[in-house]
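Participant: There's a structure below that I have some questions on.
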There are 2 protein chains.
Amino acid sequence: MSRYVPSDALYVDLYQLTMAQAYSRSGRTAEATFSLFVRTLPPDRGYLLFAGLEDVLRYLQSLRFTPEDLDYLRSTGQFGDDLIEYLAGFRFTGSVRAMAEGTPFFVNEPVIEVTAPVIEGQIVETFLINQVNMASLFATKAARIVWAAAGGGVTDFAARRTHGTDAGNKFARASYIGGFVGTSNVAADALYGIPTIGTMAHSFITSFETELEAFRAYTNAFPDTTTLLVDTYDTAGGVEAAITVAQELEARGSRLVGVRLDSGDLNQLSRTARKMLDAAGLPYVQIVASGGLDEFSIGALVTARAPISAYGVGTLAGVSADAPWSDTVYKQVRYGGCPVAKFSPGKATYPGPKQVWRCFDKSDGRIVHDHLTTADAEPPERIALPLLGEVMRDGTLVGELPSLEQVRERARGELGRLPISALALSGATPVAVSVSDELK
Amino acid sequence: MSRYVPSDALYVDLYQLTMAQAYSRSGRTAEATFSLFVRTLPPDRGYLLFAGLEDVLRYLQSLRFTPEDLDYLRSTGQFGDDLIEYLAGFRFTGSVRAMAEGTPFFVNEPVIEVTAPVIEGQIVETFLINQVNMASLFATKAARIVWAAAGGGVTDFAARRTHGTDAGNKFARASYIGGFVGTSNVAADALYGIPTIGTMAHSFITSFETELEAFRAYTNAFPDTTTLLVDTYDTAGGVEAAITVAQELEARGSRLVGVRLDSGDLNQLSRTARKMLDAAGLPYVQIVASGGLDEFSIGALVTARAPISAYGVGTLAGVSADAPWSDTVYKQVRYGGCPVAKFSPGKATYPGPKQVWRCFDKSDGRIVHDHLTTADAEPPERIALPLLGEVMRDGTLVGELPSLEQVRERARGELGRLPISALALSGATPVAVSVSDELK
């Protein structure tokens, strides 16, 4: 039942390969520049948080058509031997300028610009859009949830809900960049070194005759790291059983970490649970809430001052449910040294490679506005930083990639410089982006 | 820059492994049955189309923790040697009953039931929910779009828009099951043998001095299989250029396949293009439409009788944009021979393994209603078929898996038996599911 698994090189739209053949046969193989950006921000979003660059650079660096990929392509009968031979020797030899991961960005701002022989630049399009679009939507959704939680820790419980396993692993990474404290997804830790966090499932409880018996079995295995799920039968009864177990643990020198509420009126139930735990002399036992949460419902719990110290989010976070897509595009802006553009209605693009300048307020360091210029323009004013820097030259990385912790720290800092109006959960106003006269 | 890539075995929520340790240490290792089903249908949906089983069965059959996975788990310090040793020898030894892929299903109906030692049944939960939830949402979205297209061919252009590459490949498969005619995703053909279809990108056009030159370059490489993208600068001008190239092709004994409209008022533009093509003696050149299409906008074009013969759908289809999630769950319904259930508010489950009976109208063969019983119940009436059948016994497949074409054909047939009220794009009424007295 085993089968050939194509490499990421085959994750391309067919037209990338047919165009390659047409380019090659018509001798149009000059260098081109492609810009990756969004035309609009998704609903309610005052910014997007850039993520996915590391996976893109790893892909570009290791991109090869395997012998099996080439056999498959040959077998389709759609391509000439000239193209197959070209793909057999394919390496990405281009250069990449990009914003740093963890940077907020706005409409028409390139987050990545690829300069390469046109066929190379074209073949990587599908994968680049796919990964940056996904990771940036995820990081943004996470950052909004973290903002709404106002200091409460948020954990990724989305592995079962994302669209596939690639999305599950990358949601864990992007949400960690956006400020989550950990993930339930073990593979994401193995891949990216993200702290894993877990509680228990209802099925664990129902495997035992009583809830109390299930709680004891679990805390026997993990006396110091357990959060008990208390809503399987009746939440008040579940908290009672958790108190019993917490007191038994105390007698043995251990402490119950928390209880998890996963259904019902989380505001009311958290108050009841808090009172019961406090009355039992267990003020240190935390209350964790989960079950269909997103930035809006967490925001409401925070506003109501529900005594919840941590949140697990899955379904609505892991698909960025209120904004599952963006119009991330990857457009050719230069060919053979000449700026180019398209003029389709509603889809016009600015020609040529660009620079994005971020302008800050002198007094408080907040982001005031962004300014879009040609790549070689002079700085627009004194307190402005260029956001695009070279990260790959001739197919080779320029310098070391930042660690995931560094990217997460950058996101925290940059989000902190956004005006509140851009951070708002609804009716947000993005930072204004001016466009230089030359570009217009 | 290479790194360890964990196997699918690590695509688990941490609690699956901690529970395994707790189960094992407390001697709770009896056989359990888990049911995979949805509690509600997503908005506007009168049914869900079951997909993802083949990938689930391949996973169960090949599931192993690799030596690197085990090294990683050991390195976390979270697990005892007893668990690591257990995982080193892990095989899925359970049995699986399932509906056939391509079967429409409704609330509370198990599409998969897994019976296995409880730890095995638990460890596979995250992956099973992830894959079936994704594939069924995708197949359903595709079936709705195909229904709206009313005979027009629909192609998957979503590879750049799905959440990651796993989703991109599986959207191609699920949408083909749902009735799409092909995909732009080359990897999906390599994996699943789905017909690939492609046109060209705007960047190809902008690489040349003129549109006409670009069209000629492409048709020189592919004289008999080209669909020209005509909206890069101005659609009417693009169609003019396409007509010139089509006539040049005719002179060489070839035929232009079609023109693609990707922006603007597709109804008006398709009428203009059709008139121009017909006036030029090119009635065989088809009009393909793309650009932000879904079942609703395609339905409107069909109602308006726009002369479009095929559609390419990406963004809104590939994330099931109006319904990017469902509440697919995997619940323990039996442990050690005894039916079990949970009673959380709004999340109560029926205990025990089940059978789903599909009841048909005697006269026209349409689906009248479904009936949910215990697994060992007698058939409820004469014209009722049991939907759950054994597909895996003791970790081994029972019989051959149907081919993708067979699954697609099954979906076509079963969707054709649904009442119109369940197929409606908005305000759909699902087929009623009655529940046997015994289950209640």
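As shown in the structure tokens, the chain order sets the letters A, B, ...; within each chain, residues go from 1, and ligands are also counted from 1 in the order they appear.
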Specify as an mmCIF file with C-alpha atoms, in the first residue's frame all residues of chain A found within 6 Å of chain B, counting only C-alpha atoms.
Facilitator:
data_model
loop_
_atom_site.group_PDB
_atom_site.id
_atom_site.type_symbol
_atom_site.label_atom_id
_atom_site.label_comp_id
_atom_site.auth_asym_id
_atom_site.auth_seq_id
_atom_site.Cartn_x
_atom_site.Cartn_y
_atom_site.Cartn_z
ATOM 1 C CA LEU A 10 6.013 19.096 -7.340
ATOM 2 C CA TYR A 11 3.770 21.255 -5.170
ATOM 3 C CA VAL A 12 3.288 23.554 -8.169
ATOM 4 C CA ASP A 13 0.416 24.585 -10.338
ATOM 5 C CA LEU A 14 0.742 22.845 -13.674
ATOM 6 C CA TYR A 15 1.079 26.175 -15.442
ATOM 7 C CA ALA A 22 7.173 28.085 -23.164
ATOM 8 C CA SER A 26 10.885 31.190 -26.784
ATOM 9 C CA THR A 126 2.712 28.239 -5.605
ATOM 10 C CA ILE A 129 2.138 32.020 -1.592
ATOM 11 C CA ASN A 130 0.751 28.925 0.105
ATOM 12 C CA MET A 134 -1.174 30.392 5.760
ATOM 13 C CA ARG A 160 -7.265 18.068 15.139
ATOM 14 C CA ARG A 161 -9.011 21.017 13.517
ATOM 15 C CA HIS A 163 -6.733 21.630 7.433
ATOM 16 C CA GLY A 164 -4.207 18.817 7.432
ATOM 17 C CA ASP A 166 1.177 20.737 7.509
ATOM 18 C CA ALA A 167 -1.280 23.380 8.721
ATOM 19 C CA SER A 184 -0.682 20.393 22.356
ATOM 20 C CA ASN A 185 0.905 19.191 19.096
ATOM 21 C CA VAL A 186 3.876 16.918 19.807
ATOM 22 C CA ALA A 187 5.179 17.057 16.214
ATOM 23 C CA GLY A 198 -1.715 18.930 27.586
ATOM 24 C CA THR A 199 -4.526 17.963 29.884
ATOM 25 C CA MET A 200 -6.754 14.940 29.299
ATOM 26 C CA SER A 203 -12.623 9.568 26.882
ATOM 27 C CA SER A 207 -12.805 4.722 30.564
ATOM 28 C CA ALA A 217 -5.034 7.321 37.800
ATOM 29 C CA TYR A 218 -3.845 10.375 35.910
ATOM 30 C CA ALA A 221 1.234 9.054 36.549
ATOM 31 C CA ASP A 231 -16.945 18.777 32.791
ATOM 32 C CA THR A 232 -17.464 15.193 31.618
ATOM 33 C CA TYR A 233 -20.578 14.577 33.723
ATOM 34 C CA GLY A 264 -21.246 25.435 29.406
ATOM 35 C CA GLN A 332 6.056 39.952 -11.515
ATOM 36 C CA TYR A 335 11.506 41.521 -16.270
ATOM 37 C CA LYS A 342 -0.708 44.326 -14.842
ATOM 38 C CA PHE A 343 -3.809 46.457 -15.141
ATOM 39 C CA SER A 344 -6.709 44.013 -14.645
ATOM 40 C CA PRO A 345 -9.687 45.781 -12.999
#
Participant: As a count of residues only, please: all residues of range 235-381 of chain A that backbone DSSP puts in alpha helix (DSSP H).
Facilitator: 44
Participant: If we count only C-alpha atoms and set the cut-off at 8 Å, which residues sit around range 84-96 of chain A, ignoring sequence neighbours fewer than 2 positions away in its own chain? Please answer as an MDAnalysis selection string.
Facilitator: chainID A and resid 60:61 63:67 70 73:74 79:82 98 112:117 120:121 390:396
Participant: Using only C-alpha atoms, determine which residues lie at most 9 Å from Ala432 in chain B, disregarding the query and same-chain residues fewer than 5 positions distant; provide the list as a PDB file with C-alpha atoms, in the first residue's frame.
Facilitator:
ATOM      1  CA  PHE B 106     -25.731  13.669   8.740  1.00  0.00           C
ATOM      2  CA  VAL B 368     -36.062   9.182   2.572  1.00  0.00           C
ATOM      3  CA  HIS B 369     -34.456   9.102   5.996  1.00  0.00           C
ATOM      4  CA  ASP B 370     -31.680   7.539   8.033  1.00  0.00           C
ATOM      5  CA  HIS B 371     -32.059   5.426  11.155  1.00  0.00           C
TER       6      HIS B 371
END
Participant: To one decimal place, how far is CA of Val245 in chain A from CA of Leu228 in chain A in Å?
Facilitator: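 Interatomic distance here is 9.6 Å.
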Participant: Find, counting only C-alpha atoms, the residue in A:Gly52, A:Gly291, A:Pro104, A:Pro419 that gets nearest to Arg366 in chain A.
Facilitator: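 Checking each candidate against Arg366 in chain A, we get A:Pro419 as the closest.
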Participant: So what do you get for CA of Phe105 in chain A versus CA of Gly416 in chain A, distance-wise?
Facilitator: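 According to the coordinates, CA of Phe105 in chain A and CA of Gly416 in chain A are separated by 13.8 Å.
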Participant: Quick one: DSSP strand (DSSP E or B) residues in range 213-353 of chain B, as a PyMOL selection string?
Facilitator: chain B and resi 227-229+258-261+286-289+310-313+328-335+338-339
